[in-house]
Amino acid sequence: MELWFSEHHSADVKLSLRVRHQLYSRHSELQLIQVLDSYEFGRVLALDGVIMITEKDEFIYHEMLVHVPMGVNPDVKRALIIGGGDGGALRELCRYPDVEEIILVEIDPMVIGVAKRFLPTMASSFSDPRVTVVYEDGLRYVRRANTPFDLIIVDSTDPFGVGESLFSREFYGNCRRALSKNGILVNQHEGPYYRQEAEEAATIFARTSKIFSVARVYQAGIPTYPGGHWLFGFMSKGLDPIANYDAKRWLSLGIETRYYNPDLHLGSFALPTYVNRLLEKGEILDDVFKRVIQGQIWPPERDKIEKSEETDKDNP
Amino acid sequence: MPRKNAVRTYHLDQTKQPLRDALGEFRRRRIVSFDVPGHKQGRGNEPLAAFLGRQCLSVDANSMQLLDTLIHPTGVILEAEQLAADAFGADRCFFMVNGTTSAVQAMILSTCAPGDEIILPRNVHRSVINALILSQAIPVYVNPSVNLKLGIPLGMSVDDVAEAIRQHPKAKAVLINNPTYYGVCANVRKIVELAHDAGMRVLIDEAHGTHFYFGENLPVCGMEAGADMSAISLHKTGGSLTQSSMLLLGPNMREDQGYVHQIINLMQTTSASYLLLVSLDITRNHLALNGRDIYSRVVDFANYARREINEIGGFYAFSHDACDGDAFFDFDMTKLTVNTRSTGLSGIEVYDLLRDEYDIQVEFGDLQNFLAIMSVGDRPAAIERLIGALEDIKQNYGTEPAKLVVNEYISPEVVMTPAEAFYKPSEQLSLEKCCGRIATESVMCYPPGIPILAPGERVTPGILEYIQYARDKGSLLTGTEDPEVRQLYVMLE
């Protein structure tokens with residue numbers, strides 16, 4: 001018998017992993033939490049049927065979420081992680097000895113429990129003495145936060161469920177207030193390829209670029225996320241992810257990574273043209289594809305192509 | 001199987017859902033229809049079925065033996081209405097499919113013959129003013145007091161009602177809002193007592209009060225207070241489909257049930273939608289069995305939101321602390337009415353900001369308040385978003401506290417009945433030319449939700465000033481044929 005776990009990446013595309021065992025499956029008050037043991041990706045954490053993280057490719061996501069902002073401001077003392085119940089972002093952040101205090105705000109206590117039990121390689125830093133875990137709605141926490149943070153990492157689910165409020169203007173507005181002068185906010189910024197995520201990515205960018213004077217987007221290739229290509233948001237009140245980046249200083253910290261490095265730091269902010277157009281103009285690749293390739297609407301360019309084909313036939 | 005609810009013991013088996021079961025049976029038997037509706041379980045209108053769902057269209061049926069008929073119910077509709085009457089503690093319940101407007105019309109038309117007087121607060125819903133035109137009744141308006149600190153109209157004070165009854169002893173009925181749009185309740189029990197002592201009926205517009213019948217520690221509901229009739233918008237806070245509604249009759253109306261039904265049939269459609277009817281049946285069942293828990297959660301949400309909003313500073317989400325023992329006798333705790341004056345923003349501005357900048361839609365905003373309605377459908381994350389957005393609005397848009405704006409009550413000069421004026425020959429003039437003339441149409445203003453003019457009332461300089469003032473403040477003016485409300489129909493001289 002073959003056991004497969006499938007996730008819809010769009011209405012017409014699925015990603016399927018062959019599974020050895022299902023290790024865990026329970027409904028918490030908020031969502032369905034599952035842990036699977038897969039052949040290709042090792043252990044997989046899925047929330048409401050959507051893959052959050054796998055043992056094999058989690059390093060890409062977590063390194064990019066943490067080392068990019070830490071590279072720009074290695075002087076971060078006080079950090080806040082919203083979500084991130086699997087512990088992966090926390091693990092990366094705890095590798096910086098100068099960080100003095102980390103608060104992790106997770107809305108669903110069961111996620112952390114499951115991560116500690118089944119994903120020990122990620123949930124390895126919850127016992128670090130600098131870490132405080134708060135079980136609360138992320139928006140409520142930042143709204144009430146009195147002491148500023150130098151770094152806020154928003155490691156959330158998609159905006160279509162439990163994570164909904166972590167993509168709202170009120171959330172970013174309250175985050176901005178909770179940041180110190182040199183503070184940085186990074187978030188998972190959805191993917192640019194399929195319509196549903198792309199629309200969200202455009203919305204998030206439109207929202208955050210109104211609130212933060214610096215709002216940039218960077219990218220990474222992550223095999224288990226829809227399209228395999230994922231975006232991250234970098235926001236600050238002034239620090240620029242390229243101009244204020246000090247590669248030598250980051251290298252001097254001696255932090256070993258598998259994905260992140262100073263060249264990649266700079267390169268990850270160079271986005272494909274279609275992604276720039278998505279963020280700047282809200283142009284969805286799907287629409288362009290349908291218009292131009294499938295010819296649902298005929299643009300003048302298409303007429304030209306057909307005419308030139310006809311001409312070719314006439315003159316073989 | 002009587003079941004104990006916080007409010008009352010039921011006499012019928014509230015687990016039953018006769019209409020739902022009959023529609024299930026209709027679907028199961030795959031009856032071949034050679035009757036209306038023409039879409040025939042959705043098959044004839046693929047795009048509509050694709051959008052609404054085949055399940056939904058398969059029960060959009062017509063009256064037939066299996067499904068009973070709303071005009072003259074003897075089967076499953078009657079049974080469903082009896083269950084609803086039991087659930088709401090009423091003697092009789094009529095399902096309404098033309099909205100609560102039709103329930104309000106039925107109450108007034110079955111009580112007032114042409115020329116009869118009816119005592120009512122000025123801050124009635126427009127459906128009441130319209131029902132006065134249909135019934136040709138004479139309105140006797142009671143000035144709703146205004147809470148000066150909050151700038152909201154309240155209920156009727158007991159003394160004002162007593163005085164109106166003394167001056168108009170032949171009035172047929174007293175109409176009460178329970179609660180008002182803002183969640184304010186008058187002393188309903190006392191007013192019922194006064195009216196009944198004077199031989200008048202008590203009609204209750206309970207469009208915003210469904211939950212009073214099921215929740216604990218909420219203001220008294222009309223039937224329990226001894227009212228004769230009550231119009232219930234089950235769809236507003238109860239969760240049934242929009243436009244589905246109920247008319248409840250108390251035990252005093254036993255002799256007149258047939259007459260009320262005749263009045264309803266005068267105006268109600270003969271093709272009642274089974275989607276609306278079954279939504280009433282299912283919602284009644286759900287609320288009878290789970291209403292207490294549902295509304296205790298809604299009250300908890302609203303109380304939590306009030307606490308958090310009051311901590312932000314600038315906003316004031318009031319509760320029982322604003323009650324005054326009379327015109328503001330009780331407060332509906334599920335209403336989250338927030339005063340915005342100290343933030344320097346008007347309620348309308350906050351309403352617009354929430355919608356345009358935060359994708360949050362609240363019920364309405366007035367000069368100094370906005371109202372968020374909490375109901376069976378709310379989630380904690382949504383409430384966090386509302387609170388978070390208010391914090392952000394205060395930081396980004398807040399200024400110095402605004403000057404106190406008082407909504408002066410303008411006592412209307414009723415020259416003739418709304419009906420008489422409505423049918424008189426009239427001419428349309430620009431507003432400033434209407435001074436001294438008699439209006440033949442209404443001008444409503446949200447806020448504060450009190451009609452400024454009803455047909456048959458004289459246009460005074462004070463009224464014209466108020467309209468201008470409300471317009472300047474960004475209030476929504478409605479009621480006239482002219483959508484801009486710059487022209488008004490007045491009686492020909």
# chains A, B, ... in the order shown; residues from 1 in each chain; ligands from 1
>>> select_by_dssp(residues="segment 92-281 of chain A", states="strand (DSSP E)", output="JSON, numbers by chain")
{"A": [101, 102, 103, 104, 105, 106, 131, 132, 133, 134, 135, 149, 150, 151, 152, 153, 154, 155, 179, 180, 181, 182, 183, 184, 185, 186, 187, 188, 214, 215, 216, 217, 218, 219, 220, 221, 229, 230, 231, 232, 233, 234, 235, 236]}
>>> interface_residues(of="chain B", to="chain A", cutoff="6 Å", atoms="only C-alpha atoms", output="ChimeraX atom specification")
/B:358,388-389,392
>>> residues_around(residues="Arg18 of chain A", least_positions_apart="3", cutoff="8 Å", atoms="only C-alpha atoms", output="PyMOL selection string")
chain A and resi 2-5+38-40
>>> residues_around(residues="Arg30 of chain B", least_positions_apart="3", cutoff="10 Å", atoms="only C-alpha atoms", output="ChimeraX atom specification")
/B:25-27,33,41,58
>>> write_last_selection(atoms="N, CA, C and O atoms", output="CSV table (one decimal), in the first residue's frame")
chain,number,residue,atom,x,y,z
B,25,GLU,N,-37.4,15.7,2.7
B,25,GLU,CA,-38.2,14.7,2.1
B,25,GLU,C,-38.5,15.0,0.6
B,25,GLU,O,-38.4,14.1,-0.3
B,26,PHE,N,-38.8,16.3,0.4
B,26,PHE,CA,-39.0,16.8,-1.0
B,26,PHE,C,-37.8,16.5,-1.9
B,26,PHE,O,-37.9,16.0,-3.0
B,27,ARG,N,-36.6,16.7,-1.3
B,27,ARG,CA,-35.4,16.5,-2.1
B,27,ARG,C,-35.2,15.0,-2.3
B,27,ARG,O,-34.9,14.6,-3.4
B,33,SER,N,-41.2,18.0,-11.2
B,33,SER,CA,-42.0,19.2,-11.1
B,33,SER,C,-42.5,19.7,-12.4
B,33,SER,O,-41.7,19.9,-13.3
B,41,GLN,N,-35.4,22.8,-9.6
B,41,GLN,CA,-34.3,22.4,-8.7
B,41,GLN,C,-33.0,22.8,-9.3
B,41,GLN,O,-32.0,22.1,-9.0
B,58,SER,N,-32.1,23.2,-5.0
B,58,SER,CA,-33.0,22.0,-5.0
B,58,SER,C,-34.1,22.2,-4.0
B,58,SER,O,-35.1,21.4,-4.0
>>> residues_around(residues="Phe205 of chain A", least_positions_apart="6", cutoff="10 Å", atoms="only C-alpha atoms", output="ChimeraX atom specification")
/A:189,211,215-217,233,278-280,282
>>> write_last_selection(atoms="all heavy atoms", output="PDB file, in the first residue's frame")
ATOM      1  N   HIS A 189       5.914  36.299   3.264  1.00  0.00           N
ATOM      2  CA  HIS A 189       5.226  37.248   2.396  1.00  0.00           C
ATOM      3  C   HIS A 189       4.474  36.523   1.291  1.00  0.00           C
ATOM      4  O   HIS A 189       4.214  37.078   0.229  1.00  0.00           O
ATOM      5  CB  HIS A 189       6.285  38.188   1.816  1.00  0.00           C
ATOM      6  CG  HIS A 189       5.789  39.533   1.380  1.00  0.00           C
ATOM      7  ND1 HIS A 189       4.983  39.708   0.292  1.00  0.00           N
ATOM      8  CD2 HIS A 189       6.003  40.765   1.888  1.00  0.00           C
ATOM      9  CE1 HIS A 189       4.733  41.007   0.141  1.00  0.00           C
ATOM     10  NE2 HIS A 189       5.335  41.665   1.100  1.00  0.00           N
ATOM     11  N   ILE A 211       2.979  51.854   5.245  1.00  0.00           N
ATOM     12  CA  ILE A 211       3.191  52.039   6.686  1.00  0.00           C
ATOM     13  C   ILE A 211       4.676  52.248   7.020  1.00  0.00           C
ATOM     14  O   ILE A 211       5.018  53.043   7.882  1.00  0.00           O
ATOM     15  CB  ILE A 211       2.622  50.825   7.453  1.00  0.00           C
ATOM     16  CG1 ILE A 211       1.101  50.782   7.259  1.00  0.00           C
ATOM     17  CG2 ILE A 211       2.976  50.880   8.930  1.00  0.00           C
ATOM     18  CD1 ILE A 211       0.453  49.519   7.741  1.00  0.00           C
ATOM     19  N   ALA A 215      10.294  49.336   2.811  1.00  0.00           N
ATOM     20  CA  ALA A 215       9.569  48.074   2.659  1.00  0.00           C
ATOM     21  C   ALA A 215      10.129  47.385   1.427  1.00  0.00           C
ATOM     22  O   ALA A 215       9.977  47.868   0.311  1.00  0.00           O
ATOM     23  CB  ALA A 215       8.067  48.320   2.511  1.00  0.00           C
ATOM     24  N   ARG A 216      10.845  46.293   1.632  1.00  0.00           N
ATOM     25  CA  ARG A 216      11.459  45.571   0.514  1.00  0.00           C
ATOM     26  C   ARG A 216      11.048  44.102   0.576  1.00  0.00           C
ATOM     27  O   ARG A 216      10.600  43.616   1.615  1.00  0.00           O
ATOM     28  CB  ARG A 216      12.996  45.684   0.607  1.00  0.00           C
ATOM     29  CG  ARG A 216      13.517  47.122   0.565  1.00  0.00           C
ATOM     30  CD  ARG A 216      13.511  47.684  -0.846  1.00  0.00           C
ATOM     31  NE  ARG A 216      14.320  46.899  -1.763  1.00  0.00           N
ATOM     32  CZ  ARG A 216      15.626  47.067  -1.936  1.00  0.00           C
ATOM     33  NH1 ARG A 216      16.272  48.015  -1.267  1.00  0.00           N
ATOM     34  NH2 ARG A 216      16.308  46.299  -2.782  1.00  0.00           N
ATOM     35  N   VAL A 217      11.220  43.427  -0.535  1.00  0.00           N
ATOM     36  CA  VAL A 217      10.858  42.015  -0.593  1.00  0.00           C
ATOM     37  C   VAL A 217      12.069  41.220  -1.060  1.00  0.00           C
ATOM     38  O   VAL A 217      12.791  41.654  -1.955  1.00  0.00           O
ATOM     39  CB  VAL A 217       9.657  41.804  -1.544  1.00  0.00           C
ATOM     40  CG1 VAL A 217       9.407  40.326  -1.793  1.00  0.00           C
ATOM     41  CG2 VAL A 217       8.402  42.461  -0.970  1.00  0.00           C
ATOM     42  N   GLY A 233       9.173  39.610   3.494  1.00  0.00           N
ATOM     43  CA  GLY A 233       9.123  41.076   3.544  1.00  0.00           C
ATOM     44  C   GLY A 233      10.140  41.597   4.542  1.00  0.00           C
ATOM     45  O   GLY A 233      10.340  41.011   5.607  1.00  0.00           O
ATOM     46  N   LEU A 278       4.232  42.321 -10.086  1.00  0.00           N
ATOM     47  CA  LEU A 278       3.187  41.893  -9.150  1.00  0.00           C
ATOM     48  C   LEU A 278       3.129  42.849  -7.959  1.00  0.00           C
ATOM     49  O   LEU A 278       2.061  43.321  -7.557  1.00  0.00           O
ATOM     50  CB  LEU A 278       3.479  40.467  -8.666  1.00  0.00           C
ATOM     51  CG  LEU A 278       2.632  39.981  -7.482  1.00  0.00           C
ATOM     52  CD1 LEU A 278       1.209  39.709  -7.922  1.00  0.00           C
ATOM     53  CD2 LEU A 278       3.240  38.718  -6.874  1.00  0.00           C
ATOM     54  N   LEU A 279       4.299  43.159  -7.405  1.00  0.00           N
ATOM     55  CA  LEU A 279       4.326  43.977  -6.190  1.00  0.00           C
ATOM     56  C   LEU A 279       3.997  45.430  -6.498  1.00  0.00           C
ATOM     57  O   LEU A 279       3.295  46.090  -5.739  1.00  0.00           O
ATOM     58  CB  LEU A 279       5.704  43.877  -5.522  1.00  0.00           C
ATOM     59  CG  LEU A 279       6.102  42.469  -5.071  1.00  0.00           C
ATOM     60  CD1 LEU A 279       7.523  42.469  -4.539  1.00  0.00           C
ATOM     61  CD2 LEU A 279       5.150  41.932  -4.013  1.00  0.00           C
ATOM     62  N   GLU A 280       4.510  45.919  -7.612  1.00  0.00           N
ATOM     63  CA  GLU A 280       4.332  47.338  -7.900  1.00  0.00           C
ATOM     64  C   GLU A 280       2.966  47.633  -8.516  1.00  0.00           C
ATOM     65  O   GLU A 280       2.368  48.666  -8.241  1.00  0.00           O
ATOM     66  CB  GLU A 280       5.440  47.834  -8.836  1.00  0.00           C
ATOM     67  CG  GLU A 280       6.769  48.022  -8.100  1.00  0.00           C
ATOM     68  CD  GLU A 280       7.959  47.940  -9.037  1.00  0.00           C
ATOM     69  OE1 GLU A 280       7.762  48.129 -10.250  1.00  0.00           O
ATOM     70  OE2 GLU A 280       9.074  47.662  -8.556  1.00  0.00           O
ATOM     71  N   GLY A 282       0.427  45.051  -9.000  1.00  0.00           N
ATOM     72  CA  GLY A 282      -0.608  44.057  -8.709  1.00  0.00           C
ATOM     73  C   GLY A 282      -0.913  43.152  -9.887  1.00  0.00           C
ATOM     74  O   GLY A 282      -1.967  42.553  -9.966  1.00  0.00           O
TER      75      GLY A 282
END
>>> residues_around(residues="Asn98 of chain B", least_positions_apart="4", cutoff="8 Å", atoms="only C-alpha atoms", output="list in words")
Ser102, Gln243, Ser244, Ser245, Gln268 and Thr269 of chain B
>>> select_by_dssp(residues="segment 79-273 of chain A", states="alpha helix (DSSP H)", output="PyMOL selection string")
chain A and resi 88-93+109-118+138-144+169-178+195-211+247-252+262-267+273
>>> residues_around(residues="Met246 of chain B", least_positions_apart="4", cutoff="9 Å", atoms="only C-alpha atoms", output="list in words")
Ala84, Cys93, Phe94, Phe95, Met96, Val97, Gly99, Thr100, Ala103, Ser230, Ala231, Ile232, Ser233, Leu234 and Leu280 of chain B
>>> write_last_selection(atoms="N, CA and C atoms", output="PDB file, in the first residue's frame")
ATOM      1  N   ALA B  84     -41.903  27.898  17.008  1.00  0.00           N
ATOM      2  CA  ALA B  84     -41.266  29.199  17.191  1.00  0.00           C
ATOM      3  C   ALA B  84     -41.983  29.990  18.276  1.00  0.00           C
ATOM      4  N   CYS B  93     -47.107  32.690  16.478  1.00  0.00           N
ATOM      5  CA  CYS B  93     -46.014  33.275  15.705  1.00  0.00           C
ATOM      6  C   CYS B  93     -46.356  33.168  14.234  1.00  0.00           C
ATOM      7  N   PHE B  94     -46.138  34.245  13.499  1.00  0.00           N
ATOM      8  CA  PHE B  94     -46.283  34.203  12.044  1.00  0.00           C
ATOM      9  C   PHE B  94     -44.898  34.348  11.426  1.00  0.00           C
ATOM     10  N   PHE B  95     -44.569  33.446  10.511  1.00  0.00           N
ATOM     11  CA  PHE B  95     -43.319  33.610   9.756  1.00  0.00           C
ATOM     12  C   PHE B  95     -43.536  34.707   8.714  1.00  0.00           C
ATOM     13  N   MET B  96     -42.561  35.585   8.575  1.00  0.00           N
ATOM     14  CA  MET B  96     -42.672  36.691   7.626  1.00  0.00           C
ATOM     15  C   MET B  96     -41.518  36.586   6.626  1.00  0.00           C
ATOM     16  N   VAL B  97     -41.838  36.782   5.347  1.00  0.00           N
ATOM     17  CA  VAL B  97     -40.764  36.714   4.343  1.00  0.00           C
ATOM     18  C   VAL B  97     -40.559  38.048   3.623  1.00  0.00           C
ATOM     19  N   GLY B  99     -39.452  40.696   5.231  1.00  0.00           N
ATOM     20  CA  GLY B  99     -38.659  41.474   6.159  1.00  0.00           C
ATOM     21  C   GLY B  99     -39.451  41.884   7.385  1.00  0.00           C
ATOM     22  N   THR B 100     -38.737  42.467   8.354  1.00  0.00           N
ATOM     23  CA  THR B 100     -39.403  42.927   9.569  1.00  0.00           C
ATOM     24  C   THR B 100     -40.267  44.138   9.274  1.00  0.00           C
ATOM     25  N   ALA B 103     -43.607  42.928   9.199  1.00  0.00           N
ATOM     26  CA  ALA B 103     -44.128  42.605  10.534  1.00  0.00           C
ATOM     27  C   ALA B 103     -44.564  43.889  11.242  1.00  0.00           C
ATOM     28  N   SER B 230     -45.001  41.696  18.754  1.00  0.00           N
ATOM     29  CA  SER B 230     -43.590  42.046  18.638  1.00  0.00           C
ATOM     30  C   SER B 230     -43.069  41.618  17.268  1.00  0.00           C
ATOM     31  N   ALA B 231     -42.325  42.524  16.622  1.00  0.00           N
ATOM     32  CA  ALA B 231     -41.717  42.224  15.324  1.00  0.00           C
ATOM     33  C   ALA B 231     -40.258  41.871  15.558  1.00  0.00           C
ATOM     34  N   ILE B 232     -39.864  40.672  15.140  1.00  0.00           N
ATOM     35  CA  ILE B 232     -38.530  40.137  15.448  1.00  0.00           C
ATOM     36  C   ILE B 232     -37.748  39.926  14.164  1.00  0.00           C
ATOM     37  N   SER B 233     -36.613  40.576  14.032  1.00  0.00           N
ATOM     38  CA  SER B 233     -35.739  40.323  12.876  1.00  0.00           C
ATOM     39  C   SER B 233     -34.805  39.188  13.211  1.00  0.00           C
ATOM     40  N   LEU B 234     -35.274  37.986  12.993  1.00  0.00           N
ATOM     41  CA  LEU B 234     -34.427  36.846  13.347  1.00  0.00           C
ATOM     42  C   LEU B 234     -33.112  36.887  12.576  1.00  0.00           C
ATOM     43  N   LEU B 280     -35.758  30.149   9.004  1.00  0.00           N
ATOM     44  CA  LEU B 280     -36.408  30.481  10.279  1.00  0.00           C
ATOM     45  C   LEU B 280     -36.546  29.234  11.154  1.00  0.00           C
TER      46      LEU B 280
END
>>> atom_distance(atom1="atom CA of Asn339 of chain B", atom2="atom CA of Gly325 of chain B")
20.5 Å
>>> atom_distance(atom1="atom CA of Glu200 of chain A", atom2="atom CA of Gln395 of chain B")
25.8 Å
>>> closest_residue(among="A:Lys290, A:Val275, A:Glu136, A:Ser125", to="Glu384 of chain B", atoms="only C-alpha atoms")
A:Glu136
>>> closest_residue(among="B:Phe212, B:Phe328, B:Phe422, B:Tyr469", to="Pro455 of chain B", atoms="only C-alpha atoms")
B:Phe422
>>> atom_distance(atom1="atom CA of Arg249 of chain A", atom2="atom CA of Ser209 of chain A")
28.3 Å
>>> closest_residue(among="A:Arg20, A:Ala145, A:Gly83, A:Ile60", to="Tyr259 of chain A", atoms="only C-alpha atoms")
A:Ile60
>>> decode(residues="segment 330-404 of chain B", atoms="C-alpha atoms", output="PDB file, in the first residue's frame")
ATOM      1  CA  ASP B 330     -31.343  48.962  30.325  1.00  0.00           C
ATOM      2  CA  PHE B 331     -28.546  48.307  27.849  1.00  0.00           C
ATOM      3  CA  ASP B 332     -28.128  45.518  25.318  1.00  0.00           C
ATOM      4  CA  MET B 333     -24.637  44.274  26.111  1.00  0.00           C
ATOM      5  CA  THR B 334     -24.203  42.629  22.726  1.00  0.00           C
ATOM      6  CA  LYS B 335     -24.105  46.067  21.089  1.00  0.00           C
ATOM      7  CA  LEU B 336     -20.661  47.551  20.936  1.00  0.00           C
ATOM      8  CA  THR B 337     -21.461  51.244  20.719  1.00  0.00           C
ATOM      9  CA  VAL B 338     -18.298  53.309  20.930  1.00  0.00           C
ATOM     10  CA  ASN B 339     -18.139  57.034  21.559  1.00  0.00           C
ATOM     11  CA  THR B 340     -15.302  58.612  19.591  1.00  0.00           C
ATOM     12  CA  ARG B 341     -15.451  62.246  20.711  1.00  0.00           C
ATOM     13  CA  SER B 342     -12.234  62.330  22.753  1.00  0.00           C
ATOM     14  CA  THR B 343     -10.182  61.048  19.813  1.00  0.00           C
ATOM     15  CA  GLY B 344     -11.125  64.175  17.872  1.00  0.00           C
ATOM     16  CA  LEU B 345     -12.735  61.983  15.219  1.00  0.00           C
ATOM     17  CA  SER B 346     -16.400  61.699  14.438  1.00  0.00           C
ATOM     18  CA  GLY B 347     -18.040  58.322  14.492  1.00  0.00           C
ATOM     19  CA  ILE B 348     -18.559  58.593  10.733  1.00  0.00           C
ATOM     20  CA  GLU B 349     -14.859  59.222  10.199  1.00  0.00           C
ATOM     21  CA  VAL B 350     -13.931  56.141  12.220  1.00  0.00           C
ATOM     22  CA  TYR B 351     -16.567  54.162  10.321  1.00  0.00           C
ATOM     23  CA  ASP B 352     -15.044  55.260   6.999  1.00  0.00           C
ATOM     24  CA  LEU B 353     -11.457  54.616   8.125  1.00  0.00           C
ATOM     25  CA  LEU B 354     -12.330  51.130   9.353  1.00  0.00           C
ATOM     26  CA  ARG B 355     -13.904  50.314   6.012  1.00  0.00           C
ATOM     27  CA  ASP B 356     -11.416  51.949   3.654  1.00  0.00           C
ATOM     28  CA  GLU B 357      -8.125  51.373   5.456  1.00  0.00           C
ATOM     29  CA  TYR B 358      -8.713  48.235   7.489  1.00  0.00           C
ATOM     30  CA  ASP B 359     -11.357  46.225   5.587  1.00  0.00           C
ATOM     31  CA  ILE B 360     -13.590  46.241   8.652  1.00  0.00           C
ATOM     32  CA  GLN B 361     -17.275  46.977   8.178  1.00  0.00           C
ATOM     33  CA  VAL B 362     -19.204  48.209  11.204  1.00  0.00           C
ATOM     34  CA  GLU B 363     -22.927  48.870  11.325  1.00  0.00           C
ATOM     35  CA  PHE B 364     -22.917  52.649  11.279  1.00  0.00           C
ATOM     36  CA  GLY B 365     -21.227  55.804  12.456  1.00  0.00           C
ATOM     37  CA  ASP B 366     -22.810  59.044  13.624  1.00  0.00           C
ATOM     38  CA  LEU B 367     -21.402  62.368  14.755  1.00  0.00           C
ATOM     39  CA  GLN B 368     -19.879  60.958  17.930  1.00  0.00           C
ATOM     40  CA  ASN B 369     -20.335  57.189  17.923  1.00  0.00           C
ATOM     41  CA  PHE B 370     -19.999  54.110  15.831  1.00  0.00           C
ATOM     42  CA  LEU B 371     -21.788  50.840  16.362  1.00  0.00           C
ATOM     43  CA  ALA B 372     -20.392  47.359  15.867  1.00  0.00           C
ATOM     44  CA  ILE B 373     -22.958  44.589  16.032  1.00  0.00           C
ATOM     45  CA  MET B 374     -21.924  41.377  17.719  1.00  0.00           C
ATOM     46  CA  SER B 375     -23.851  38.268  16.775  1.00  0.00           C
ATOM     47  CA  VAL B 376     -23.761  34.514  16.513  1.00  0.00           C
ATOM     48  CA  GLY B 377     -21.148  34.721  13.771  1.00  0.00           C
ATOM     49  CA  ASP B 378     -18.267  36.478  15.546  1.00  0.00           C
ATOM     50  CA  ARG B 379     -14.773  35.072  16.089  1.00  0.00           C
ATOM     51  CA  PRO B 380     -12.070  36.140  18.563  1.00  0.00           C
ATOM     52  CA  ALA B 381      -9.614  36.963  15.752  1.00  0.00           C
ATOM     53  CA  ALA B 382     -12.108  39.380  14.189  1.00  0.00           C
ATOM     54  CA  ILE B 383     -12.588  41.187  17.479  1.00  0.00           C
ATOM     55  CA  GLU B 384      -8.826  41.478  17.917  1.00  0.00           C
ATOM     56  CA  ARG B 385      -8.688  43.084  14.482  1.00  0.00           C
ATOM     57  CA  LEU B 386     -11.318  45.651  15.388  1.00  0.00           C
ATOM     58  CA  ILE B 387      -9.532  46.567  18.623  1.00  0.00           C
ATOM     59  CA  GLY B 388      -6.142  46.641  16.889  1.00  0.00           C
ATOM     60  CA  ALA B 389      -7.509  48.884  14.159  1.00  0.00           C
ATOM     61  CA  LEU B 390      -8.941  51.336  16.714  1.00  0.00           C
ATOM     62  CA  GLU B 391      -5.558  51.545  18.436  1.00  0.00           C
ATOM     63  CA  ASP B 392      -3.939  52.247  15.083  1.00  0.00           C
ATOM     64  CA  ILE B 393      -6.579  54.824  14.112  1.00  0.00           C
ATOM     65  CA  LYS B 394      -6.110  56.677  17.365  1.00  0.00           C
ATOM     66  CA  GLN B 395      -2.333  56.818  16.826  1.00  0.00           C
ATOM     67  CA  ASN B 396      -2.465  57.810  13.183  1.00  0.00           C
ATOM     68  CA  TYR B 397      -5.545  59.979  12.935  1.00  0.00           C
ATOM     69  CA  GLY B 398      -6.453  61.065  16.467  1.00  0.00           C
ATOM     70  CA  THR B 399      -6.360  64.765  17.377  1.00  0.00           C
ATOM     71  CA  GLU B 400      -7.661  66.999  20.151  1.00  0.00           C
ATOM     72  CA  PRO B 401     -11.033  66.067  21.616  1.00  0.00           C
ATOM     73  CA  ALA B 402     -13.842  67.383  19.451  1.00  0.00           C
ATOM     74  CA  LYS B 403     -16.338  69.923  20.639  1.00  0.00           C
ATOM     75  CA  LEU B 404     -19.468  68.514  22.142  1.00  0.00           C
TER      76      LEU B 404
END
